[in-house]
Structure formats: structure tokens, C-alpha cells
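For reference, structure-v6.cif is printed below; it contains mmCIF, C-alpha atoms.
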```cif
data_start
#
loop_
_atom_site.label_atom_id
_atom_site.label_comp_id
_atom_site.auth_asym_id
_atom_site.auth_seq_id
_atom_site.Cartn_x
_atom_site.Cartn_y
_atom_site.Cartn_z
CA MET A 50 -18.76 14.04 22.09
CA ASP A 51 -21.69 12.35 20.32
CA ALA A 52 -23.86 9.74 22.04
CA LYS A 53 -22.03 6.81 20.47
CA SER A 54 -18.62 8.05 21.60
CA HIS A 55 -19.97 8.93 25.04
CA LEU A 56 -21.28 5.39 25.50
CA ALA A 57 -17.95 3.89 24.40
CA PHE A 58 -16.04 6.19 26.75
CA ASN A 59 -18.08 5.19 29.82
CA LEU A 60 -17.86 1.52 28.94
CA CYS A 61 -14.10 1.83 28.66
CA ARG A 62 -14.01 3.12 32.23
CA HIS A 63 -16.39 0.64 33.84
CA SER A 64 -16.53 -2.51 31.71
CA PRO A 65 -13.60 -3.07 29.35
CA LEU A 66 -14.86 -6.42 28.04
CA LEU A 67 -18.31 -5.06 27.17
CA ALA A 68 -16.66 -1.99 25.71
CA LEU A 69 -14.73 -4.09 23.25
CA THR A 70 -17.95 -5.63 21.99
CA VAL A 71 -19.73 -2.31 21.57
CA ILE A 72 -16.74 -0.64 20.01
CA SER A 73 -16.32 -3.38 17.43
CA LEU A 74 -19.97 -2.99 16.49
CA PHE A 75 -19.49 0.72 16.03
CA MET A 76 -16.22 0.30 14.07
CA LEU A 77 -14.31 2.35 16.61
CA GLY A 78 -10.58 1.92 16.94
CA GLY A 79 -10.38 1.75 20.77
CA CYS A 80 -11.24 3.44 24.04
CA ALA A 81 -10.64 7.02 23.02
CA SER A 82 -12.40 10.34 22.69
CA SER A 83 -13.44 11.68 19.31
CA ASP A 84 -10.59 14.14 18.81
CA GLY A 85 -9.74 12.72 15.39
CA PRO A 86 -11.74 12.73 12.14
CA SER A 87 -15.38 11.64 12.32
CA CYS A 88 -14.88 9.44 9.23
CA GLN A 89 -17.91 11.13 7.70
CA GLU A 90 -16.51 14.58 6.98
CA PRO A 91 -15.52 15.57 3.42
CA PHE A 92 -11.82 14.96 2.83
CA GLN A 93 -9.67 18.10 2.63
CA LEU A 94 -7.91 17.18 -0.60
CA SER A 95 -5.34 19.58 -2.04
CA TRP A 96 -3.33 18.14 -4.93
CA SER A 97 -4.46 14.70 -6.10
CA ASN A 98 -5.81 14.40 -9.66
CA GLN A 99 -8.81 12.09 -9.50
CA ARG A 100 -9.18 12.01 -13.27
CA GLN A 101 -5.67 10.61 -13.63
CA LEU A 102 -6.23 8.16 -10.78
CA GLN A 103 -9.38 6.95 -12.52
CA LYS A 104 -7.65 6.70 -15.88
CA ASP A 105 -4.83 4.59 -14.45
CA VAL A 106 -7.23 2.25 -12.64
CA GLU A 107 -9.53 1.90 -15.65
CA THR A 108 -6.66 1.29 -18.04
CA LEU A 109 -4.87 -1.33 -15.95
CA SER A 110 -8.09 -3.22 -15.23
CA SER A 111 -9.35 -3.09 -18.82
CA PRO A 112 -9.67 -6.18 -21.10
CA PRO A 113 -6.49 -5.53 -23.17
CA PHE A 114 -4.43 -6.09 -20.00
CA GLU A 115 -6.07 -9.49 -19.38
CA GLY A 116 -5.84 -9.29 -15.61
CA ARG A 117 -2.05 -8.74 -15.61
CA LYS A 118 -1.04 -12.26 -14.62
CA THR A 119 2.74 -12.64 -14.30
CA ASN A 120 4.59 -13.57 -17.50
CA THR A 121 1.62 -13.09 -19.85
CA LYS A 122 0.84 -10.68 -22.67
CA GLY A 123 -1.35 -8.75 -20.29
CA ALA A 124 1.52 -8.29 -17.84
CA ALA A 125 3.79 -7.13 -20.67
CA ALA A 126 1.18 -4.60 -21.76
CA ALA A 127 0.90 -3.37 -18.18
CA ARG A 128 4.67 -2.85 -17.99
CA GLU A 129 4.68 -0.84 -21.22
CA TYR A 130 1.94 1.39 -19.87
CA LEU A 131 3.61 1.77 -16.48
CA ILE A 132 7.01 2.70 -17.88
CA VAL A 133 5.39 5.53 -19.85
CA ARG A 134 3.53 6.66 -16.74
CA MET A 135 6.66 6.51 -14.59
CA LEU A 136 8.45 8.72 -17.07
CA GLN A 137 5.51 11.12 -17.13
CA SER A 138 5.65 11.20 -13.33
CA GLY A 139 9.25 12.37 -13.42
CA LEU A 140 10.91 9.15 -12.34
CA VAL A 141 14.18 7.86 -13.76
CA PRO A 142 15.27 4.21 -13.85
CA TRP A 143 16.91 2.97 -10.68
CA GLN A 144 19.43 0.98 -12.68
CA ARG A 145 19.94 0.81 -16.44
CA ASN A 146 16.25 0.19 -17.15
CA PHE A 147 13.00 0.45 -15.25
CA ASP A 148 12.34 -3.28 -15.56
CA GLN A 149 14.26 -5.65 -13.32
CA GLU A 150 14.00 -9.30 -14.36
CA PHE A 151 14.01 -12.08 -11.77
CA GLU A 152 13.39 -15.81 -11.64
CA TYR A 153 11.43 -17.73 -9.06
CA GLU A 154 10.30 -21.27 -8.47
CA TYR A 155 6.59 -21.95 -8.13
CA GLN A 156 4.72 -25.25 -8.25
CA PHE A 157 7.91 -27.19 -9.05
CA SER A 158 8.88 -25.12 -12.09
CA LYS A 159 10.82 -21.95 -12.77
CA HIS A 160 9.09 -18.72 -13.78
CA ARG A 161 10.17 -15.24 -14.79
CA GLY A 162 8.88 -11.93 -13.48
CA TYR A 163 9.67 -8.25 -13.92
CA ASN A 164 9.65 -5.56 -11.26
CA LEU A 165 9.61 -1.92 -12.36
CA VAL A 166 11.79 0.39 -10.27
CA GLY A 167 12.07 4.16 -10.62
CA MET A 168 13.66 6.74 -8.37
CA LYS A 169 13.76 10.40 -7.45
CA LEU A 170 16.82 11.72 -5.66
CA ALA A 171 16.59 14.21 -2.80
CA ASP A 172 17.36 17.83 -3.52
CA ASN A 173 20.26 17.70 -1.05
CA PRO A 174 22.58 14.67 -1.02
CA THR A 175 21.61 12.09 1.60
CA LYS A 176 22.04 8.39 2.21
CA LYS A 177 18.46 8.04 3.44
CA TRP A 178 15.85 6.37 1.25
CA ARG A 179 12.11 5.85 1.53
CA VAL A 180 10.31 3.31 -0.62
CA ILE A 181 6.79 3.04 -2.01
CA VAL A 182 5.79 -0.38 -3.27
CA ALA A 183 2.62 -1.63 -4.99
CA HIS A 184 2.16 -4.83 -6.96
CA TYR A 185 0.83 -4.60 -10.51
CA ASP A 186 0.16 -8.29 -11.15
CA HIS A 187 -3.22 -9.94 -10.63
CA LEU A 188 -4.96 -13.24 -11.40
CA GLY A 189 -5.21 -12.85 -15.17
CA MET A 190 -7.48 -15.13 -17.20
CA LYS A 191 -8.90 -18.44 -16.03
CA GLY A 192 -10.32 -20.01 -19.15
CA SER A 193 -12.79 -17.45 -20.48
CA ARG A 194 -13.05 -15.75 -17.10
CA TYR A 195 -11.32 -12.40 -16.80
CA TYR A 196 -10.22 -10.94 -13.47
CA PRO A 197 -9.78 -7.15 -13.77
CA GLY A 198 -8.06 -6.51 -10.43
CA ALA A 199 -9.14 -2.88 -10.12
CA ASP A 200 -8.76 -2.69 -6.35
CA ASP A 201 -6.21 -5.52 -6.27
CA ASN A 202 -4.06 -3.75 -7.13
CA ALA A 203 -4.58 -1.18 -9.87
CA SER A 204 -5.67 1.14 -7.05
CA GLY A 205 -2.29 0.91 -5.31
CA ILE A 206 -0.39 1.40 -8.56
CA ALA A 207 -2.47 4.47 -9.47
CA ALA A 208 -1.75 5.98 -6.04
CA MET A 209 1.97 5.24 -6.35
CA LEU A 210 2.11 7.01 -9.72
CA ALA A 211 0.23 10.00 -8.33
CA ILE A 212 2.60 10.22 -5.38
CA ALA A 213 5.60 10.05 -7.70
CA SER A 214 4.18 12.84 -9.87
CA HIS A 215 3.55 15.06 -6.86
CA ALA A 216 6.97 14.31 -5.35
CA ASN A 217 8.52 15.49 -8.60
CA THR A 218 7.12 18.99 -7.91
CA GLN A 219 8.27 19.12 -4.29
CA SER A 220 11.51 19.48 -2.37
CA MET A 221 12.03 16.00 -0.94
CA PRO A 222 14.14 15.37 2.19
CA THR A 223 15.15 11.81 1.27
CA ASN A 224 15.81 9.77 -1.85
CA LEU A 225 12.74 7.92 -3.09
CA LEU A 226 12.34 4.51 -4.70
CA PHE A 227 9.07 3.62 -6.43
CA ILE A 228 8.56 -0.09 -7.07
CA ALA A 229 5.82 -1.82 -9.05
CA THR A 230 6.29 -5.45 -8.08
CA ASP A 231 5.42 -8.53 -10.10
CA ALA A 232 4.42 -12.03 -8.91
CA GLU A 233 2.92 -10.85 -5.64
CA GLU A 234 -0.17 -12.99 -6.08
CA PRO A 235 1.59 -16.39 -6.26
CA GLY A 236 3.84 -15.67 -3.27
CA LEU A 237 5.45 -12.19 -2.94
CA PHE A 238 8.21 -13.26 -5.32
CA GLY A 239 8.84 -9.81 -6.78
CA SER A 240 9.42 -8.15 -3.43
CA LYS A 241 11.55 -11.08 -2.29
CA ALA A 242 13.74 -10.68 -5.38
CA LEU A 243 14.07 -6.96 -4.78
CA VAL A 244 15.03 -7.39 -1.13
CA ASP A 245 17.65 -9.94 -2.19
CA LEU A 246 19.03 -7.37 -4.61
CA LEU A 247 19.09 -4.61 -1.99
CA THR A 248 20.79 -6.92 0.49
CA ASN A 249 23.76 -7.20 -1.86
CA LYS A 250 26.58 -5.03 -0.50
CA THR A 251 27.25 -3.58 -3.96
CA SER A 252 23.67 -2.33 -4.26
CA HIS A 253 22.89 1.38 -4.05
CA PRO A 254 20.96 1.88 -1.92
CA THR A 255 21.50 -1.09 0.36
CA ILE A 256 18.77 -2.43 2.57
CA ASN A 257 20.31 -0.58 5.53
CA ASP A 258 19.81 2.80 3.82
CA ILE A 259 16.02 2.43 3.78
CA GLU A 260 14.26 4.07 6.71
CA LEU A 261 10.71 3.27 5.63
CA VAL A 262 8.75 1.08 3.19
CA ILE A 263 5.15 2.03 2.36
CA ASN A 264 3.07 -0.73 0.82
CA LEU A 265 -0.14 0.20 -1.05
CA ASP A 266 -2.32 -2.84 -1.70
CA MET A 267 -6.12 -2.60 -2.19
CA ILE A 268 -6.85 1.00 -1.20
CA GLY A 269 -9.85 1.97 -3.33
CA HIS A 270 -12.81 0.00 -1.98
CA PRO A 271 -13.49 1.17 1.61
CA ALA A 272 -15.54 -0.77 4.12
CA ARG A 273 -18.28 0.82 6.20
CA GLY A 274 -16.79 3.63 8.23
CA ASN A 275 -14.81 5.03 5.30
CA SER A 276 -11.46 4.26 6.95
CA ILE A 277 -8.12 3.05 5.69
CA TYR A 278 -6.51 0.26 7.67
CA LEU A 279 -2.86 0.49 8.59
CA GLU A 280 -0.60 -2.40 9.58
CA GLY A 281 2.89 -2.11 11.04
CA ARG A 282 2.37 -0.01 14.16
CA ARG A 283 4.54 -2.25 16.34
CA GLY A 284 7.62 -1.14 14.43
CA PHE A 285 7.40 2.49 15.58
CA ALA A 286 7.99 3.97 19.00
CA GLN A 287 6.09 7.16 18.05
CA PHE A 288 3.17 5.51 16.28
CA ASP A 289 0.43 7.43 18.10
CA GLN A 290 1.89 10.75 16.99
CA LEU A 291 2.50 9.34 13.52
CA GLU A 292 -1.14 8.27 13.28
CA GLN A 293 -2.38 11.69 14.39
CA THR A 294 -0.21 13.38 11.78
CA LEU A 295 -1.57 11.13 9.04
CA GLU A 296 -5.19 11.66 10.10
CA SER A 297 -4.74 15.43 10.09
CA THR A 298 -3.46 15.44 6.50
CA VAL A 299 -6.84 15.25 4.73
CA GLY A 300 -9.14 14.04 7.53
CA LEU A 301 -8.97 10.36 6.58
CA CYS A 302 -9.61 7.97 9.49
CA ILE A 303 -6.78 5.55 10.24
CA ARG A 304 -7.59 2.17 11.74
CA ALA A 305 -4.42 0.61 13.07
CA ASN A 306 -4.53 -3.13 12.27
CA HIS A 307 -7.01 -4.81 9.94
CA PRO A 308 -10.35 -6.11 11.24
CA PRO A 309 -11.42 -9.74 10.88
CA GLU A 310 -12.95 -10.80 7.57
CA ALA A 311 -16.67 -10.13 7.28
CA GLY A 312 -18.76 -12.72 9.09
CA LYS A 313 -15.81 -14.36 10.86
CA SER A 314 -15.22 -14.12 14.58
CA ILE A 315 -11.57 -15.17 14.34
CA GLN A 316 -9.17 -13.25 12.13
CA ARG A 317 -7.80 -15.69 9.57
CA VAL A 318 -5.75 -13.34 7.39
CA ASP A 319 -2.13 -13.12 8.45
CA TRP A 320 -1.64 -9.45 7.59
CA LEU A 321 2.07 -9.55 8.34
CA ARG A 322 2.64 -12.05 5.53
CA ALA A 323 -0.24 -10.94 3.30
CA SER A 324 1.59 -8.57 0.96
CA ASP A 325 4.88 -7.13 -0.27
CA HIS A 326 5.91 -5.52 3.01
CA TYR A 327 6.72 -8.94 4.48
CA PRO A 328 10.14 -9.50 2.81
CA PHE A 329 11.16 -6.01 3.97
CA TYR A 330 9.99 -6.85 7.49
CA ARG A 331 12.15 -9.98 7.45
CA ALA A 332 15.10 -7.82 6.39
CA GLY A 333 14.54 -5.51 9.37
CA VAL A 334 13.17 -2.51 7.46
CA PRO A 335 10.39 -0.42 9.09
CA TRP A 336 7.17 -0.70 7.08
CA LEU A 337 3.58 0.49 6.93
CA TYR A 338 0.87 -1.22 4.92
CA PHE A 339 -2.22 0.65 3.71
CA GLY A 340 -5.17 -1.50 2.69
CA VAL A 341 -8.86 -2.21 3.08
CA PRO A 342 -10.42 -5.40 4.47
CA PRO A 343 -11.34 -8.17 2.04
CA HIS A 344 -14.62 -7.28 0.33
CA PRO A 345 -17.06 -9.29 -1.83
CA ASP A 346 -15.20 -8.29 -5.03
CA TYR A 347 -11.79 -9.45 -3.77
CA HIS A 348 -10.28 -11.92 -6.28
CA GLN A 349 -13.54 -11.94 -8.23
CA MET A 350 -14.47 -10.98 -11.77
CA SER A 351 -16.47 -8.14 -10.21
CA ASP A 352 -13.33 -6.26 -9.04
CA THR A 353 -13.92 -3.58 -11.67
CA ALA A 354 -13.02 0.09 -11.92
CA ASP A 355 -16.58 1.28 -11.36
CA LYS A 356 -16.41 -0.17 -7.82
CA ILE A 357 -13.51 2.11 -6.86
CA ASP A 358 -14.27 5.14 -4.70
CA MET A 359 -12.01 7.69 -6.39
CA ASN A 360 -12.49 10.28 -3.64
CA PHE A 361 -11.38 7.74 -1.04
CA LEU A 362 -8.46 6.64 -3.24
CA ALA A 363 -7.37 10.27 -3.54
CA ALA A 364 -7.53 10.66 0.25
CA VAL A 365 -5.35 7.58 0.79
CA THR A 366 -2.93 8.86 -1.85
CA GLU A 367 -2.44 12.24 -0.18
CA THR A 368 -2.20 10.63 3.26
CA ALA A 369 0.46 8.15 2.13
CA PHE A 370 2.50 10.96 0.54
CA LYS A 371 2.80 12.56 3.97
CA LEU A 372 5.06 9.66 5.00
CA LEU A 373 7.62 10.74 2.39
CA ILE A 374 8.11 14.16 4.02
CA ILE A 375 7.42 13.39 7.67
CA ASP A 376 10.22 13.95 10.20
CA SER A 377 12.56 11.00 10.54
CA TYR A 378 12.26 10.94 14.35
CA LEU A 379 8.66 9.70 13.98
CA LEU A 380 10.03 6.69 12.13
CA ASP A 381 12.30 5.56 14.97
CA LYS A 382 12.02 1.84 15.60
CA SER A 383 10.31 0.70 18.75
CA LYS A 384 12.56 -0.63 21.50
CA LYS A 385 10.01 -3.31 22.32
#
```

Take the structure in the file and give it back as C-alpha cells.
Amino acid sequence: MDAKSHLAFNLCRHSPLLALTVISLFMLGGCASSDGPSCQEPFQLSWSNQRQLQKDVETLSSPPFEGRKTNTKGAAAAREYLIVRMLQSGLVPWQRNFDQEFEYEYQFSKHRGYNLVGMKLADNPTKKWRVIVAHYDHLGMKGSRYYPGADDNASGIAAMLAIASHANTQSMPTNLLFIATDAEEPGLFGSKALVDLLTNKTSHPTINDIELVINLDMIGHPARGNSIYLEGRRGFAQFDQLEQTLESTVGLCIRANHPPEAGKSIQRVDWLRASDHYPFYRAGVPWLYFGVPPHPDYHQMSDTADKIDMNFLAAVTETAFKLLIIDSYLLDKSKK
């Protein structure tokens, strides 16, 4: 145990309130020993292709895609690129086509969006499904200003594609649905439309067939401590064991729950409602949300591909994949 961990351990025993202060300063997750990753060790990566991850992030955040705002030429270009990449990753359309059109009302007018949905069936027939979701839309253009959206959320899309490609080479225990959602930025409209579709009794799968949703949103720009933050722990009775399994995958540190925004003593981000996992939560589906805290480039023109830590993105990618093959008993809902 290093000196920092030793201090935190003794404070936990003798002064819990002071311990919380010291631990927050040290970016520790709680009163615990240092059995897990140090957060400074090299990641033990095994299969992720960082060149492809970088290519996907750079392409989606490049000027021809104009920031990928919903129902623009840039969004259409992004869909064309993503359909090709989904095919290359071994996915097949969930329904007749990859693109699923939906309408939504925003600012007193109707708009149109397009989710992209691909699937991979399990090697042995099963009714169980696991879902990976990442939104591909961003802020687009505001006058002459261009918002690339590299971390938000080209990073999540790149990881989803990498996971799909790797899953295509593996024997998978459940059916898999890969969803690139649209219109997340204005109000989670793409994921809401998809949940409505899955709630229909004629849908296959139905919402009740899904045992886990994994949401990847802003996973390439780590804060100090080199950790990925994970929301959704309250939905799992075996979360501690689940967390240990994820941390042991490549040595990536997991911080359960997001920290407050930088410089703010009170957390003002409602992480439950912050991204595309929320409609699934409302439908009663277990979910886990990987993301990093808001950083200075969030929703800025400076959210560019050169700011993405590709090694970290690869570590998150391989860690998230583990949830597609992990034993179902670890996904049991909490009785709380």
C-alpha cells in the first residue's frame, strides 16, 4: 500500500468526514485498499485496432461531416460512412435497412431523424439480447463556426464499431444490437424512438428480451487519474464483482458514478438523464453508461480528434466488450 492509500485507509477508520475530503482530492473512489489497478499502469490491450479507432474518430469529426447535426448534409454523410463501417464490422440490418427513420417534436416544430441499427445473432439460438448504443449526432455548424464533436461522440461510435468487429470474430452467448442514435443532443429523441419501437409487442426483440444496455458517450478524453466513469451501479445486485471483472480486463480504473464538474462543489449534471441510457432506464432495462467528466473541449470548437487519447479509448473499448460476454448472473437486477 503506497503512502496515499495508507493515509486514506486510516482516515476511513478514524474520521470518515475528513476521509471523504482527502479521497476526493486524491481522486480515489472510496475507503478501500489498493487491490485494483493503480490507474497509472500500461493497459494490457489485446485486440483493439487503434489505427481504425483513430480513422473513425478523425473521419466523423472532419469538416465534410459538418459536425453531424441532425437532419443536415453532414448527418447524411455520417450515416453513409457508418453503414459502410457497420457492414465491414460484420453487422446485418436489424430490420429491412440499417437506417430507422423517426419523427420528433422540438421547439414547436416537427423534425426527422435516423437511427442506424445493426445486429449480430448468437451462435446458439437464444431470446437474450444485449445492446450497445452510441449517438452519432453533434452540434453541427453555428454560422461559420464548426463543432467537430470528436469526443462527443465520435469516440463512442468508433468504440461501438470496434466492438462489433471483434464480436464478429467471437462466439457470442447472446444476440447483439448495435445502435447509432440520432438527435441525442436536442433531447435523446433517437433513443426514445427506439425504445418506443422495442416496446411494441410485434417487435423482435421486445424491450423485455434485453438484459443489458451499454451506452458509450464521450470516452476518449480522460480526466486526471486516467479513469473511466461508470453510471448505473444501483441497477445491479452484483455490481462490486462486476466492477472488479471490468477492471481486470485491461487494467482500466473504473470510477462508479461521475464526479462533479470541474470547479463546482455541487454536482449539477443529472447523469441519469444525461444521455441515451435514460429512455431504457424508464423502460426498466438494466443499463451502464461509460463516459468521462465534462472537460474544457466539451461542446466547443476545440473538441477535435487530436485531443483524443487513443490508448485510453482502446482500453475503454476492450473493457466495454467484456460486458457482452460476461455471465448473466452478474447482470441480475438489484432488489433494492

Long-range neighbours of A:Met221 as a list in words, 7 Å cut-off, all atoms listed in the file, 5 positions minimum in chain: Ala171, Asp172, Ala216 and Ile374 of chain A

Protein, DNA and RNA residues within 12 Å of (-2.7, 18.9, -4.8), all atoms listed in the file, as number ranges by chain: A: 93-99, 211-212, 214-216, 218-219, 298-299, 363-364, 366-368, 370

Target residues per the PyMOL selection byres ((chain A and resi 141) around 7), formatted as a ChimeraX atom specification: /A:136,139-140,142-143,167-169

Of the listed residues A:Val106, A:Val182, A:Met135, A:Ala232, that which approaches A:Ala213 most closely, counting all atoms listed in the file: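 Closest candidate: A:Met135.
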
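Evaluated against this file, the PyMOL selection byres ((chain A and resi 124) around 9) yields Phe114, Glu115, Gly116, Arg117, Lys118, Thr119, Asn120, Thr121, Lys122, Gly123, Ala125, Ala126, Ala127, Arg128, Glu129, Tyr185, Asp186, His187, Gly189 and Asp231 of chain A.
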
Expansion of the PyMOL selection byres ((chain A and resi 358) around 8) into residues, as a PDB file with C-alpha atoms, in the coordinates of the input:
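selection_21.pdb, written as the output of this step:
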```pdb
ATOM      1  CA  GLY A 269      -9.850   1.970  -3.330  1.00  0.00           C
ATOM      2  CA  HIS A 270     -12.810   0.000  -1.980  1.00  0.00           C
ATOM      3  CA  PRO A 271     -13.490   1.170   1.610  1.00  0.00           C
ATOM      4  CA  LYS A 356     -16.410  -0.170  -7.820  1.00  0.00           C
ATOM      5  CA  ILE A 357     -13.510   2.110  -6.860  1.00  0.00           C
ATOM      6  CA  MET A 359     -12.010   7.690  -6.390  1.00  0.00           C
ATOM      7  CA  ASN A 360     -12.490  10.280  -3.640  1.00  0.00           C
ATOM      8  CA  PHE A 361     -11.380   7.740  -1.040  1.00  0.00           C
ATOM      9  CA  LEU A 362      -8.460   6.640  -3.240  1.00  0.00           C
TER      10      LEU A 362
END
```

Nearest candidate to A:Leu225 (options A:Pro91, A:Gly205, A:Gly198, A:Pro254; using only C-alpha atoms):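 Closest residue, counting only C-alpha atoms: A:Pro254.
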
Closest pair table for stretch 238-278 of chain A residues within 8 Å of stretch 148-156 of chain A, all atoms listed in the file, as JSON lines:
```
{"residue": "A:Phe238", "atom": "CA", "partner": "A:Tyr153", "partner_atom": "CA", "distance": 6.7}
{"residue": "A:Gly239", "atom": "CA", "partner": "A:Phe151", "partner_atom": "CA", "distance": 7.5}
{"residue": "A:Ala242", "atom": "CA", "partner": "A:Phe151", "partner_atom": "CA", "distance": 6.5}
```

Between atom CA of A:Leu237 and atom CA of A:Lys191 - distance in Å to one decimal: 20.4 Å

Protein, DNA and RNA residues within 12 Å of (-7.8, 4.9, -16.8), all atoms listed in the file, as a PyMOL selection string: chain A and resi 99-111+114+130-131+134+199+203-204+206-207+353-355+357+359

Can you put all heavy atoms back into stretch 284-294 of chain A and show it as a JSON list (two decimals), keeping the file's coordinate frame?
```
[["chain", "number", "residue", "atom", "x", "y", "z"],
["A", 284, "GLY", "N", 6.26, -1.48, 14.80],
["A", 284, "GLY", "CA", 7.62, -1.14, 14.43],
["A", 284, "GLY", "C", 8.02, 0.29, 14.74],
["A", 284, "GLY", "O", 9.13, 0.70, 14.40],
["A", 285, "PHE", "N", 7.13, 1.07, 15.39],
["A", 285, "PHE", "CA", 7.40, 2.49, 15.58],
["A", 285, "PHE", "C", 7.12, 2.91, 17.02],
["A", 285, "PHE", "O", 6.03, 2.71, 17.55],
["A", 285, "PHE", "CB", 6.52, 3.32, 14.63],
["A", 285, "PHE", "CG", 6.75, 2.99, 13.19],
["A", 285, "PHE", "CD1", 6.00, 2.00, 12.57],
["A", 285, "PHE", "CD2", 7.74, 3.63, 12.45],
["A", 285, "PHE", "CE1", 6.22, 1.67, 11.24],
["A", 285, "PHE", "CE2", 7.96, 3.31, 11.12],
["A", 285, "PHE", "CZ", 7.20, 2.32, 10.52],
["A", 286, "ALA", "N", 8.13, 3.52, 17.62],
["A", 286, "ALA", "CA", 7.99, 3.97, 19.00],
["A", 286, "ALA", "C", 7.03, 5.16, 19.10],
["A", 286, "ALA", "O", 6.39, 5.36, 20.12],
["A", 286, "ALA", "CB", 9.37, 4.37, 19.55],
["A", 287, "GLN", "N", 6.92, 5.96, 18.04],
["A", 287, "GLN", "CA", 6.09, 7.16, 18.05],
["A", 287, "GLN", "C", 4.83, 6.98, 17.20],
["A", 287, "GLN", "O", 4.35, 7.92, 16.59],
["A", 287, "GLN", "CB", 6.90, 8.36, 17.51],
["A", 287, "GLN", "CG", 8.24, 8.59, 18.16],
["A", 287, "GLN", "CD", 8.09, 9.04, 19.60],
["A", 287, "GLN", "OE1", 7.12, 9.67, 19.96],
["A", 287, "GLN", "NE2", 9.08, 8.71, 20.43],
["A", 288, "PHE", "N", 4.26, 5.76, 17.20],
["A", 288, "PHE", "CA", 3.17, 5.51, 16.28],
["A", 288, "PHE", "C", 1.94, 6.38, 16.54],
["A", 288, "PHE", "O", 1.29, 6.84, 15.60],
["A", 288, "PHE", "CB", 2.75, 4.04, 16.29],
["A", 288, "PHE", "CG", 1.68, 3.74, 15.27],
["A", 288, "PHE", "CD1", 2.01, 3.51, 13.95],
["A", 288, "PHE", "CD2", 0.33, 3.74, 15.63],
["A", 288, "PHE", "CE1", 1.02, 3.27, 13.00],
["A", 288, "PHE", "CE2", -0.66, 3.51, 14.70],
["A", 288, "PHE", "CZ", -0.31, 3.27, 13.37],
["A", 289, "ASP", "N", 1.61, 6.62, 17.80],
["A", 289, "ASP", "CA", 0.43, 7.43, 18.10],
["A", 289, "ASP", "C", 0.53, 8.82, 17.48],
["A", 289, "ASP", "O", -0.43, 9.33, 16.89],
["A", 289, "ASP", "CB", 0.22, 7.54, 19.60],
["A", 289, "ASP", "CG", -0.24, 6.22, 20.22],
["A", 289, "ASP", "OD1", -0.68, 5.34, 19.45],
["A", 289, "ASP", "OD2", -0.14, 6.08, 21.45],
["A", 290, "GLN", "N", 1.70, 9.44, 17.59],
["A", 290, "GLN", "CA", 1.89, 10.75, 16.99],
["A", 290, "GLN", "C", 1.91, 10.65, 15.48],
["A", 290, "GLN", "O", 1.38, 11.52, 14.77],
["A", 290, "GLN", "CB", 3.20, 11.37, 17.49],
["A", 290, "GLN", "CG", 3.40, 12.81, 17.03],
["A", 290, "GLN", "CD", 4.64, 13.45, 17.63],
["A", 290, "GLN", "OE1", 5.26, 12.90, 18.53],
["A", 290, "GLN", "NE2", 5.00, 14.62, 17.12],
["A", 291, "LEU", "N", 2.48, 9.58, 14.96],
["A", 291, "LEU", "CA", 2.50, 9.34, 13.52],
["A", 291, "LEU", "C", 1.08, 9.21, 12.99],
["A", 291, "LEU", "O", 0.72, 9.81, 11.96],
["A", 291, "LEU", "CB", 3.30, 8.07, 13.23],
["A", 291, "LEU", "CG", 3.49, 7.66, 11.77],
["A", 291, "LEU", "CD1", 4.29, 8.69, 11.01],
["A", 291, "LEU", "CD2", 4.19, 6.31, 11.71],
["A", 292, "GLU", "N", 0.25, 8.46, 13.70],
["A", 292, "GLU", "CA", -1.14, 8.27, 13.28],
["A", 292, "GLU", "C", -1.91, 9.59, 13.29],
["A", 292, "GLU", "O", -2.67, 9.89, 12.35],
["A", 292, "GLU", "CB", -1.82, 7.27, 14.22],
["A", 292, "GLU", "CG", -3.26, 6.96, 13.86],
["A", 292, "GLU", "CD", -3.88, 5.97, 14.82],
["A", 292, "GLU", "OE1", -3.32, 5.77, 15.93],
["A", 292, "GLU", "OE2", -4.93, 5.41, 14.48],
["A", 293, "GLN", "N", -1.71, 10.40, 14.32],
["A", 293, "GLN", "CA", -2.38, 11.69, 14.39],
["A", 293, "GLN", "C", -1.97, 12.60, 13.24],
["A", 293, "GLN", "O", -2.80, 13.30, 12.66],
["A", 293, "GLN", "CB", -2.07, 12.36, 15.73],
["A", 293, "GLN", "CG", -2.69, 11.67, 16.93],
["A", 293, "GLN", "CD", -2.22, 12.27, 18.25],
["A", 293, "GLN", "OE1", -1.55, 13.30, 18.27],
["A", 293, "GLN", "NE2", -2.56, 11.62, 19.34],
["A", 294, "THR", "N", -0.69, 12.56, 12.90],
["A", 294, "THR", "CA", -0.21, 13.38, 11.78],
["A", 294, "THR", "C", -0.85, 12.94, 10.47],
["A", 294, "THR", "O", -1.27, 13.78, 9.66],
["A", 294, "THR", "CB", 1.32, 13.27, 11.68],
["A", 294, "THR", "OG1", 1.92, 13.71, 12.90],
["A", 294, "THR", "CG2", 1.86, 14.10, 10.53]]
```
